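File shown: coords29.tsv (TSV, C-alpha atoms).
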```tsv
chain	number	residue	atom	x	y	z
A	1	MET	CA	29.46	17.30	-17.13
A	2	ASN	CA	25.82	18.18	-16.66
A	3	LYS	CA	24.79	18.96	-13.10
A	4	GLY	CA	21.43	17.31	-13.67
A	5	ASP	CA	23.14	14.05	-14.64
A	6	VAL	CA	25.37	14.20	-11.59
A	7	ALA	CA	22.45	14.89	-9.25
A	8	TRP	CA	20.45	12.03	-10.76
A	9	MET	CA	23.32	9.56	-10.42
A	10	LEU	CA	23.95	10.49	-6.79
A	11	THR	CA	20.22	10.12	-6.11
A	12	SER	CA	20.13	6.78	-7.92
A	13	THR	CA	23.04	5.54	-5.85
A	14	LEU	CA	21.14	6.38	-2.67
A	15	LEU	CA	18.09	4.56	-4.02
A	16	VAL	CA	20.13	1.42	-4.70
A	17	LEU	CA	21.54	1.61	-1.18
A	18	MET	CA	17.96	1.78	0.11
A	19	MET	CA	17.20	-1.38	-1.87
A	20	VAL	CA	19.67	-3.24	0.32
A	21	MET	CA	19.28	-1.50	3.65
A	22	PRO	CA	16.54	-1.57	4.63
A	23	GLY	CA	14.73	-2.99	1.54
A	24	LEU	CA	16.30	-6.40	0.95
A	25	ALA	CA	17.09	-6.84	4.65
A	26	LEU	CA	13.44	-6.43	5.64
A	27	PHE	CA	12.17	-8.45	2.68
A	28	TYR	CA	14.37	-11.39	3.68
A	29	GLY	CA	14.04	-10.79	7.43
A	30	GLY	CA	10.27	-11.07	7.42
A	31	MET	CA	10.38	-14.40	5.59
A	32	VAL	CA	12.52	-16.27	8.13
A	33	ARG	CA	11.50	-17.46	11.59
A	34	ALA	CA	11.69	-15.05	14.51
A	35	LYS	CA	14.75	-16.79	15.98
A	36	ASN	CA	16.76	-16.03	12.81
A	37	VAL	CA	15.64	-12.53	11.83
A	38	LEU	CA	18.75	-10.75	13.12
A	39	SER	CA	21.06	-13.26	11.46
A	40	VAL	CA	19.55	-12.47	8.06
A	41	LEU	CA	19.63	-8.72	8.67
A	42	MET	CA	23.28	-9.05	9.72
A	43	GLN	CA	24.22	-11.14	6.71
A	44	VAL	CA	22.62	-8.68	4.29
A	45	MET	CA	24.25	-5.66	5.94
A	46	THR	CA	27.68	-7.23	6.36
A	47	THR	CA	28.01	-8.85	2.94
A	48	PHE	CA	27.05	-5.52	1.40
A	49	ALA	CA	29.67	-3.72	3.49
A	50	LEU	CA	32.36	-6.29	2.67
A	51	ALA	CA	31.62	-6.08	-1.05
A	52	VAL	CA	31.79	-2.28	-1.01
A	53	VAL	CA	35.18	-2.31	0.74
A	54	LEU	CA	36.57	-4.84	-1.72
A	55	TRP	CA	35.10	-2.76	-4.55
A	56	ALA	CA	37.11	0.23	-3.35
A	57	ILE	CA	40.35	-1.74	-2.99
A	58	TYR	CA	40.40	-3.71	-6.26
A	59	GLY	CA	36.87	-4.46	-7.47
A	60	TYR	CA	36.29	-1.33	-9.50
A	61	SER	CA	39.66	-1.68	-11.15
A	62	LEU	CA	39.12	-5.32	-12.17
A	63	ALA	CA	35.60	-4.64	-13.46
A	64	PHE	CA	35.90	-1.32	-15.27
A	65	THR	CA	39.44	-0.85	-16.56
A	66	GLU	CA	40.83	-2.20	-19.80
A	67	GLY	CA	42.47	-5.59	-19.49
A	68	ASN	CA	41.39	-8.72	-21.32
A	69	PRO	CA	37.91	-9.99	-22.30
A	70	TYR	CA	37.39	-11.52	-18.84
A	71	PHE	CA	39.06	-9.24	-16.30
A	72	GLY	CA	40.13	-5.64	-16.16
A	73	SER	CA	43.51	-4.68	-14.77
A	74	PHE	CA	44.98	-3.39	-11.51
A	75	ALA	CA	45.50	0.05	-13.05
A	76	LYS	CA	43.15	1.62	-10.49
A	77	LEU	CA	44.04	-0.54	-7.50
A	78	PHE	CA	43.09	1.36	-4.34
A	79	LEU	CA	41.37	3.82	-6.73
A	80	SER	CA	44.74	5.02	-7.96
A	81	GLY	CA	44.35	8.02	-10.25
A	82	VAL	CA	40.77	8.74	-9.20
A	83	THR	CA	40.53	12.45	-8.41
A	84	LEU	CA	37.96	15.22	-8.32
A	85	GLU	CA	38.83	15.92	-11.95
A	86	SER	CA	38.73	12.33	-13.31
A	87	LEU	CA	35.74	11.50	-15.48
A	88	ALA	CA	33.73	8.43	-16.48
A	89	ASP	CA	31.97	7.83	-19.77
A	90	THR	CA	28.22	7.74	-20.25
A	91	PHE	CA	26.30	6.40	-23.25
A	92	SER	CA	26.39	9.78	-25.05
A	93	GLU	CA	29.40	11.03	-26.94
A	94	GLY	CA	31.11	13.83	-25.06
A	95	VAL	CA	28.92	13.53	-21.94
A	96	LYS	CA	30.80	12.59	-18.78
A	97	LEU	CA	30.24	11.92	-15.09
A	98	PRO	CA	32.59	12.44	-12.16
A	99	GLU	CA	34.34	9.10	-11.88
A	100	MET	CA	33.62	9.06	-8.16
A	101	ALA	CA	29.87	9.09	-8.85
A	102	PHE	CA	30.19	6.15	-11.24
A	103	ILE	CA	32.33	4.21	-8.75
A	104	ALA	CA	29.78	4.73	-5.99
A	105	PHE	CA	26.85	3.73	-8.20
A	106	GLN	CA	28.49	0.53	-9.43
A	107	GLY	CA	29.75	-0.25	-5.93
A	108	THR	CA	26.18	-0.46	-4.67
A	109	PHE	CA	25.43	-2.96	-7.46
A	110	ALA	CA	28.28	-5.20	-6.31
A	111	GLY	CA	27.10	-4.99	-2.72
A	112	LEU	CA	23.48	-5.73	-3.59
A	113	THR	CA	24.42	-8.78	-5.66
A	114	ALA	CA	26.47	-10.25	-2.83
A	115	ALA	CA	23.64	-9.63	-0.35
A	116	LEU	CA	21.03	-11.33	-2.57
A	117	ILE	CA	22.80	-14.68	-2.25
A	118	VAL	CA	22.21	-15.06	1.50
A	119	GLY	CA	18.57	-15.95	0.87
A	120	GLY	CA	19.63	-19.34	-0.52
A	121	PHE	CA	21.23	-20.59	2.69
A	122	ALA	CA	19.31	-18.50	5.24
A	123	GLU	CA	18.78	-19.86	8.77
A	124	ARG	CA	21.61	-22.41	8.78
A	125	MET	CA	25.00	-21.13	7.58
A	126	ARG	CA	27.88	-19.98	9.76
A	127	PHE	CA	28.39	-16.22	9.74
A	128	SER	CA	32.16	-16.58	9.22
A	129	ALA	CA	31.60	-18.91	6.26
A	130	VAL	CA	29.21	-16.40	4.70
A	131	LEU	CA	31.89	-13.72	4.78
A	132	VAL	CA	34.67	-15.92	3.41
A	133	PHE	CA	32.42	-17.11	0.61
A	134	THR	CA	31.38	-13.55	-0.23
A	135	ALA	CA	34.96	-12.33	-0.60
A	136	ILE	CA	35.92	-15.20	-2.91
A	137	TRP	CA	32.73	-15.13	-4.96
A	138	LEU	CA	32.82	-11.37	-5.48
A	139	THR	CA	36.41	-11.58	-6.73
A	140	PHE	CA	36.07	-14.51	-9.11
A	141	ALA	CA	32.38	-14.43	-10.13
A	142	TYR	CA	30.93	-10.93	-9.85
A	143	LEU	CA	33.93	-8.94	-11.06
A	144	PRO	CA	34.70	-10.96	-14.21
A	145	ILE	CA	31.03	-11.20	-15.22
A	146	ALA	CA	30.61	-7.44	-14.67
A	147	HIS	CA	33.66	-6.86	-16.85
A	148	MET	CA	32.50	-9.28	-19.54
A	149	VAL	CA	29.09	-7.61	-19.78
A	150	TRP	CA	29.83	-3.95	-19.04
A	151	GLY	CA	33.59	-3.40	-18.95
A	152	PRO	CA	35.80	-2.05	-21.76
A	153	GLY	CA	36.74	-4.92	-24.05
A	154	GLY	CA	34.39	-7.31	-22.25
A	155	TRP	CA	33.72	-10.64	-23.98
A	156	LEU	CA	29.91	-10.59	-23.88
A	157	LEU	CA	29.75	-6.85	-24.48
A	158	GLY	CA	31.76	-7.33	-27.63
A	159	ASP	CA	29.35	-10.04	-28.76
A	160	GLY	CA	26.48	-7.57	-28.50
A	161	ALA	CA	24.82	-8.88	-25.34
A	162	LEU	CA	22.11	-6.55	-24.01
A	163	ASP	CA	21.95	-6.16	-20.23
A	164	PHE	CA	20.84	-2.68	-19.33
A	165	ALA	CA	20.95	-2.90	-15.54
A	166	GLY	CA	22.09	-6.36	-14.50
A	167	GLY	CA	19.96	-9.33	-15.51
A	168	THR	CA	23.06	-11.48	-15.94
A	169	VAL	CA	25.53	-9.52	-13.82
A	170	VAL	CA	23.25	-9.26	-10.78
A	171	HIS	CA	20.27	-11.60	-10.80
A	172	ILE	CA	21.32	-14.73	-12.69
A	173	ASN	CA	24.75	-14.40	-11.10
A	174	ALA	CA	23.34	-14.27	-7.56
A	175	GLY	CA	20.55	-16.74	-8.30
A	176	ILE	CA	22.83	-19.60	-9.30
A	177	ALA	CA	25.19	-18.84	-6.40
A	178	GLY	CA	22.28	-19.07	-3.96
A	179	LEU	CA	21.13	-22.35	-5.52
A	180	VAL	CA	24.58	-23.94	-5.26
A	181	GLY	CA	24.78	-22.79	-1.65
A	182	ALA	CA	21.38	-24.25	-0.83
A	183	TYR	CA	22.49	-27.63	-2.18
A	184	LEU	CA	25.84	-27.63	-0.39
A	185	VAL	CA	24.57	-26.40	2.97
A	186	GLY	CA	21.64	-28.79	2.91
A	187	LYS	CA	18.01	-28.49	3.91
A	188	ARG	CA	16.90	-26.83	7.12
A	189	ILE	CA	15.93	-29.11	9.99
A	190	GLY	CA	12.27	-29.98	9.53
A	191	TYR	CA	12.12	-28.90	5.89
A	192	GLY	CA	9.30	-30.73	4.17
A	193	ARG	CA	8.01	-32.14	7.47
A	194	GLU	CA	6.94	-29.03	9.34
A	195	ALA	CA	5.85	-25.53	8.41
A	196	LEU	CA	8.82	-23.15	8.24
A	197	THR	CA	6.59	-20.13	7.87
A	198	PRO	CA	7.59	-16.45	7.65
A	199	HIS	CA	7.43	-14.75	11.03
A	200	SER	CA	6.40	-11.28	9.78
A	201	LEU	CA	4.80	-10.76	6.41
A	202	PRO	CA	4.30	-7.04	7.18
A	203	LEU	CA	8.11	-6.70	7.30
A	204	THR	CA	8.35	-8.55	3.99
A	205	MET	CA	5.75	-6.24	2.47
A	206	VAL	CA	7.64	-3.15	3.66
A	207	GLY	CA	10.87	-4.61	2.29
A	208	ALA	CA	9.32	-5.35	-1.09
A	209	SER	CA	7.91	-1.84	-1.27
A	210	LEU	CA	11.30	-0.32	-0.55
A	211	LEU	CA	12.84	-2.58	-3.16
A	212	TRP	CA	10.36	-1.32	-5.77
A	213	VAL	CA	11.06	2.32	-4.92
A	214	GLY	CA	14.82	1.78	-4.85
A	215	TRP	CA	14.73	-0.15	-8.11
A	216	PHE	CA	13.95	3.06	-9.98
A	217	GLY	CA	17.48	4.15	-9.11
A	218	PHE	CA	18.80	0.73	-10.05
A	219	ASN	CA	17.18	0.69	-13.51
A	220	ALA	CA	16.70	4.33	-14.46
A	221	GLY	CA	20.07	5.20	-12.94
A	222	SER	CA	21.70	2.75	-15.33
A	223	ALA	CA	21.04	5.23	-18.12
A	224	LEU	CA	23.93	7.17	-16.48
A	225	GLU	CA	22.22	10.40	-17.50
A	226	ALA	CA	19.01	12.29	-16.68
A	227	ASN	CA	17.52	11.81	-20.12
A	228	SER	CA	14.77	10.07	-22.08
A	229	THR	CA	16.40	6.66	-21.67
A	230	ALA	CA	16.21	7.10	-17.91
A	231	ALA	CA	12.54	8.04	-18.28
A	232	LEU	CA	11.91	4.93	-20.40
A	233	ALA	CA	13.62	2.70	-17.82
A	234	PHE	CA	11.61	4.41	-15.08
A	235	LEU	CA	8.31	3.80	-16.87
A	236	ASN	CA	9.17	0.20	-17.70
A	237	THR	CA	10.10	-0.49	-14.08
A	238	LEU	CA	6.69	0.78	-13.02
A	239	PHE	CA	4.71	-1.14	-15.63
A	240	ALA	CA	6.50	-4.50	-15.50
A	241	THR	CA	6.32	-4.72	-11.72
A	242	ALA	CA	2.61	-3.94	-11.63
A	243	ALA	CA	1.90	-6.59	-14.27
A	244	ALA	CA	3.97	-9.21	-12.43
A	245	ILE	CA	2.09	-8.62	-9.16
A	246	LEU	CA	-1.29	-9.08	-10.81
A	247	LEU	CA	-0.30	-12.23	-12.72
A	248	TRP	CA	1.40	-13.83	-9.71
A	249	LEU	CA	-1.69	-13.21	-7.57
A	250	ALA	CA	-4.01	-14.46	-10.29
A	251	GLY	CA	-1.94	-17.63	-10.55
A	252	GLU	CA	-2.08	-18.16	-6.80
A	253	ALA	CA	-5.82	-17.64	-6.76
A	254	LEU	CA	-6.26	-20.27	-9.48
A	255	LEU	CA	-3.83	-22.79	-8.01
A	256	LYS	CA	-4.36	-22.33	-4.28
A	257	GLY	CA	-7.73	-20.65	-4.05
A	258	LYS	CA	-6.44	-17.48	-2.43
A	259	PRO	CA	-3.93	-14.76	-3.37
A	260	SER	CA	-1.33	-14.18	-0.63
A	261	MET	CA	0.58	-11.20	0.66
A	262	LEU	CA	3.83	-13.14	0.27
A	263	GLY	CA	2.80	-13.83	-3.33
A	264	GLY	CA	2.20	-10.16	-4.02
A	265	ALA	CA	5.60	-9.20	-2.59
A	266	SER	CA	7.31	-12.01	-4.49
A	267	GLY	CA	5.52	-11.02	-7.69
A	268	ALA	CA	6.80	-7.46	-7.33
A	269	VAL	CA	10.39	-8.69	-7.06
A	270	ALA	CA	9.87	-11.09	-9.98
A	271	GLY	CA	8.75	-8.24	-12.22
A	272	LEU	CA	11.58	-6.01	-11.08
A	273	VAL	CA	14.14	-8.73	-11.78
A	274	ALA	CA	12.79	-9.54	-15.24
A	275	ILE	CA	12.65	-5.94	-16.48
A	276	THR	CA	16.15	-5.12	-15.22
A	277	PRO	CA	18.10	-6.24	-18.33
A	278	ALA	CA	15.47	-4.77	-20.65
A	279	ALA	CA	14.55	-1.53	-18.89
A	280	GLY	CA	16.28	0.89	-21.23
A	281	THR	CA	15.75	-0.86	-24.55
A	282	VAL	CA	12.17	-2.20	-24.66
A	283	GLY	CA	8.96	-0.23	-25.03
A	284	PRO	CA	6.31	0.10	-22.31
A	285	MET	CA	4.05	-2.56	-23.84
A	286	GLY	CA	7.00	-4.91	-24.02
A	287	ALA	CA	7.61	-4.19	-20.35
A	288	LEU	CA	4.04	-5.20	-19.53
A	289	VAL	CA	4.51	-8.52	-21.31
A	290	ILE	CA	7.87	-9.15	-19.64
A	291	GLY	CA	6.39	-8.39	-16.23
A	292	ALA	CA	3.33	-10.56	-16.80
A	293	THR	CA	5.53	-13.42	-17.96
A	294	ALA	CA	7.73	-13.06	-14.88
A	295	GLY	CA	4.69	-13.21	-12.61
A	296	VAL	CA	3.67	-16.58	-14.06
A	297	VAL	CA	7.16	-18.06	-14.43
A	298	GLY	CA	8.26	-16.83	-10.99
A	299	LEU	CA	5.28	-18.51	-9.36
A	300	TRP	CA	6.25	-21.73	-11.14
A	301	GLY	CA	9.88	-21.25	-10.09
A	302	VAL	CA	9.20	-21.06	-6.35
A	303	ASN	CA	6.72	-23.94	-6.41
A	304	GLN	CA	7.02	-26.60	-9.10
A	305	LEU	CA	10.65	-26.01	-10.09
A	306	LYS	CA	11.73	-25.93	-6.46
A	307	ARG	CA	10.10	-29.34	-5.90
A	308	TRP	CA	11.71	-30.75	-9.03
A	309	LEU	CA	15.13	-29.56	-7.91
A	310	GLY	CA	14.62	-30.97	-4.41
A	311	VAL	CA	16.41	-28.02	-2.83
A	312	ASP	CA	15.77	-25.82	0.19
A	313	ASP	CA	16.38	-22.45	-1.43
A	314	ALA	CA	15.03	-20.81	1.71
A	315	LEU	CA	14.07	-17.40	0.36
A	316	ASP	CA	13.78	-18.37	-3.31
A	317	VAL	CA	16.88	-16.68	-4.62
A	318	PHE	CA	17.02	-18.93	-7.67
A	319	GLY	CA	13.27	-19.31	-8.06
A	320	VAL	CA	12.81	-15.54	-8.35
A	321	HIS	CA	16.16	-13.92	-9.21
A	322	GLY	CA	17.65	-16.76	-11.22
A	323	VAL	CA	14.54	-17.85	-13.12
A	324	CYS	CA	13.11	-14.37	-13.73
A	325	GLY	CA	16.58	-13.08	-14.56
A	326	ILE	CA	16.80	-15.70	-17.31
A	327	VAL	CA	13.32	-14.82	-18.56
A	328	GLY	CA	14.17	-11.12	-18.63
A	329	ALA	CA	17.51	-11.63	-20.35
A	330	LEU	CA	15.95	-13.70	-23.12
A	331	LEU	CA	12.89	-11.48	-23.61
A	332	THR	CA	15.22	-8.48	-23.88
A	333	GLY	CA	16.33	-10.05	-27.14
A	334	VAL	CA	12.73	-10.11	-28.32
A	335	PHE	CA	11.16	-6.84	-27.22
A	336	THR	CA	14.15	-4.63	-28.04
A	337	ALA	CA	13.06	-5.11	-31.66
A	338	PRO	CA	11.69	-1.85	-33.14
A	339	SER	CA	8.75	-3.78	-34.60
A	340	LEU	CA	7.70	-4.60	-31.03
A	341	GLY	CA	8.21	-1.08	-29.68
A	342	GLY	CA	11.88	-1.41	-28.68
A	343	THR	CA	14.80	0.89	-29.32
A	344	GLY	CA	16.88	-1.52	-31.43
A	345	SER	CA	18.35	-0.55	-34.78
A	346	ALA	CA	16.45	-0.92	-38.02
A	347	ASP	CA	18.32	-4.16	-38.86
A	348	PHE	CA	17.69	-5.69	-35.42
A	349	SER	CA	17.26	-9.47	-35.65
A	350	ILE	CA	15.30	-11.17	-32.87
A	351	ALA	CA	16.67	-14.61	-33.73
A	352	SER	CA	20.31	-13.44	-33.75
A	353	GLN	CA	19.88	-11.45	-30.55
A	354	LEU	CA	18.23	-14.38	-28.78
A	355	VAL	CA	21.30	-16.49	-29.53
A	356	ILE	CA	23.54	-13.79	-28.07
A	357	GLN	CA	21.31	-13.41	-25.00
A	358	ALA	CA	21.22	-17.16	-24.45
A	359	LYS	CA	25.02	-17.26	-24.60
A	360	GLY	CA	25.19	-14.61	-21.88
A	361	VAL	CA	22.77	-16.59	-19.70
A	362	ILE	CA	24.71	-19.85	-20.12
A	363	VAL	CA	28.10	-18.23	-19.51
A	364	THR	CA	26.81	-16.61	-16.33
A	365	LEU	CA	25.21	-19.81	-15.02
A	366	VAL	CA	28.29	-21.91	-15.68
A	367	TRP	CA	30.91	-19.38	-14.59
A	368	SER	CA	29.15	-18.33	-11.40
A	369	GLY	CA	28.02	-21.89	-10.64
A	370	VAL	CA	31.57	-23.27	-10.79
A	371	VAL	CA	33.08	-20.35	-8.86
A	372	SER	CA	30.34	-20.62	-6.24
A	373	PHE	CA	30.97	-24.33	-5.72
A	374	VAL	CA	34.69	-23.77	-5.21
A	375	ALA	CA	34.11	-20.71	-3.01
A	376	TYR	CA	31.75	-22.62	-0.71
A	377	LYS	CA	34.23	-25.48	-0.41
A	378	ILE	CA	37.06	-23.10	0.49
A	379	ALA	CA	34.84	-21.29	3.00
A	380	ALA	CA	33.93	-24.63	4.59
A	381	ALA	CA	37.59	-25.63	4.88
A	382	LEU	CA	38.61	-22.30	6.44
A	383	THR	CA	35.75	-21.94	8.92
A	384	GLY	CA	35.13	-25.47	10.14
A	385	GLY	CA	32.17	-26.20	7.88
A	386	LEU	CA	29.42	-24.23	6.19
A	387	ARG	CA	26.64	-25.16	8.55
A	388	VAL	CA	26.06	-24.52	12.24
A	389	ALA	CA	25.59	-27.50	14.55
A	390	GLU	CA	22.13	-29.05	14.79
A	391	GLU	CA	21.49	-27.82	18.33
A	392	GLU	CA	22.58	-24.32	17.31
A	393	GLU	CA	20.23	-24.35	14.34
A	394	ARG	CA	17.37	-25.38	16.62
A	395	GLU	CA	18.17	-22.58	19.06
A	396	GLY	CA	18.38	-20.01	16.28
A	397	LEU	CA	21.22	-18.08	14.70
A	398	ASP	CA	20.35	-14.79	16.40
A	399	ILE	CA	21.54	-16.03	19.78
A	400	VAL	CA	24.16	-18.47	18.53
A	401	ALA	CA	25.93	-16.17	16.07
A	402	HIS	CA	25.24	-12.71	17.49
A	403	GLY	CA	24.18	-13.08	21.12
A	404	GLU	CA	20.99	-11.09	20.54
A	405	SER	CA	17.30	-11.63	19.98
A	406	GLY	CA	15.19	-9.77	17.50
A	407	TYR	CA	12.19	-9.81	19.80
A	408	ARG	CA	11.43	-10.13	23.49
A	409	PHE	CA	8.36	-12.26	24.13
```
Please re-express this file's structure in structure tokens.
Amino acid sequence: MNKGDVAWMLTSTLLVLMMVMPGLALFYGGMVRAKNVLSVLMQVMTTFALAVVLWAIYGYSLAFTEGNPYFGSFAKLFLSGVTLESLADTFSEGVKLPEMAFIAFQGTFAGLTAALIVGGFAERMRFSAVLVFTAIWLTFAYLPIAHMVWGPGGWLLGDGALDFAGGTVVHINAGIAGLVGAYLVGKRIGYGREALTPHSLPLTMVGASLLWVGWFGFNAGSALEANSTAALAFLNTLFATAAAILLWLAGEALLKGKPSMLGGASGAVAGLVAITPAAGTVGPMGALVIGATAGVVGLWGVNQLKRWLGVDDALDVFGVHGVCGIVGALLTGVFTAPSLGGTGSADFSIASQLVIQAKGVIVTLVWSGVVSFVAYKIAAALTGGLRVAEEEEREGLDIVAHGESGYRF
């Protein structure tokens, strides 16, 4: 072990935690109406906590032990065999990490992914149904996809799929789950007829800023070492996000006449999502192109695509995370090429890698989409329905679900 690697991984884990609480919580919380702000903060915090507990009990074992191409095994159920002396592999031969550091780092990824989904059904889903869905979805969607992409003997890993920090595992996975939830829960009362405007864009801005800072742990930490790959991922995370903000705002200015604060915050997240699968394998100029592309495509995703789909994806989980995750996953197969500044091998084939990347995207969309549908249906059956009653939705979930108000007017 290298003490610098260990220190960097513990720091990265803290940064990912900050992405969720308070980053994602504030980002989402500012975008809902005042009567629902606490419900969103609670859902983000509690789904993260539930996912982390399940990760400790069986999640880590099913994702990161040898089993079959789709699931690991129960060899480390309840973290059996994990001690102060047990080690985890990195990407360098002979370089190890304390297994506990690796477990903690990957546990925050599982928690973040579960928390992302709540944006799809924000302001109208029962709290109990959210928790039941999360437990089922984490078990049968997140864990197998994490194993397929990152785990020993994983199906997509064996095919050569490139996903440095979670384009498929985190963003496409959560994006499609949020979209399925938005369809099944239905549109918010008044959607399309009245303005359901964010109650605090300053909170959203603060949340987006914390997400950007925390994302350096998310992406650069995925190098698993304090080395040049971590530095490359760090630089790419900086460049892609900046490019996405500028292109999103430019698009808004052209289409709507004015660039918005919500657009700037959304553009930042779009760039962060798109560079995630590519962060450690593309060059800085490739990162700029990926980020710029995400800024344009993300703007289209939360506007035109959302209208085409006819769905109330309240906080644009699919429009940003799903769409930009797909863009990033595919462009990873392009800009990893050495001829375009990437770190791929001399015989790297863009065409062949694009096919592999597309397979990973499709598998994730189908697998997570089907599991999500079933998980929502089971949650509805066990909790008396996914959605709160109409009068409760009008009153607001803060009071109805938690007996509190975010603000006193």
Restricting the calculation to all atoms listed in the file: of A:Ala104, A:Leu386, A:Leu255, A:Met125, which residue gets closest to Ser39 (chain A)? A:Met125
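The shortest atom-to-atom distance to Val53 (chain A), with only C-alpha atoms taken into account, belongs to A:Leu138 out of A:Val40, A:Val118, A:Leu138, A:Val95.
The space between CA of Met9 (chain A) and CA of Thr204 (chain A) spans 27.6 Å.
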Sel. within 8 Å of pt (7.4, -9.5, -7.2), counting all atoms listed in the file, output as a list in words: Ala208, Thr241, Ala244, Ile245, Trp248, Gly263, Gly264, Ala265, Ser266, Gly267, Ala268, Val269, Ala270, Gly271, Leu272 and Gly295 of chain A
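Close contacts of region 297-312 of chain A, defined as residues with an atom at most 6 Å away when counting only C-alpha atoms, with chain neighbours fewer than 4 positions off set aside, comprise Ala182, Lys187, Gly319 and Val320 of chain A.
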Distance in Å - CA of Ala287 (chain A) versus CA of Leu162 (chain A): 15.1 Å
Of the residues A:Asn173, A:Thr237, A:Thr65, A:Ser92, which is the one nearest to Thr113 (chain A), using all atoms listed in the file? A:Asn173
Extract, using only C-alpha atoms, all DNA, RNA and protein residues at most 7 Å from region 336-349 of chain A, discarding same-chain residues fewer than 4 positions from it, and format them as JSON, numbers by chain. {"A": [281, 282, 283, 286, 332, 353]}
Output as AutoDock Vina command-line options the centre and edge lengths (Å, one decimal) of the box along x, y and z of the file that holds every listed atom of region 317-336 of chain A after adding 6 Å on each side.
```
--center_x 14.4 --center_y -12.0 --center_z -16.5 --size_x 18.5 --size_y 26.7 --size_z 35.7
```
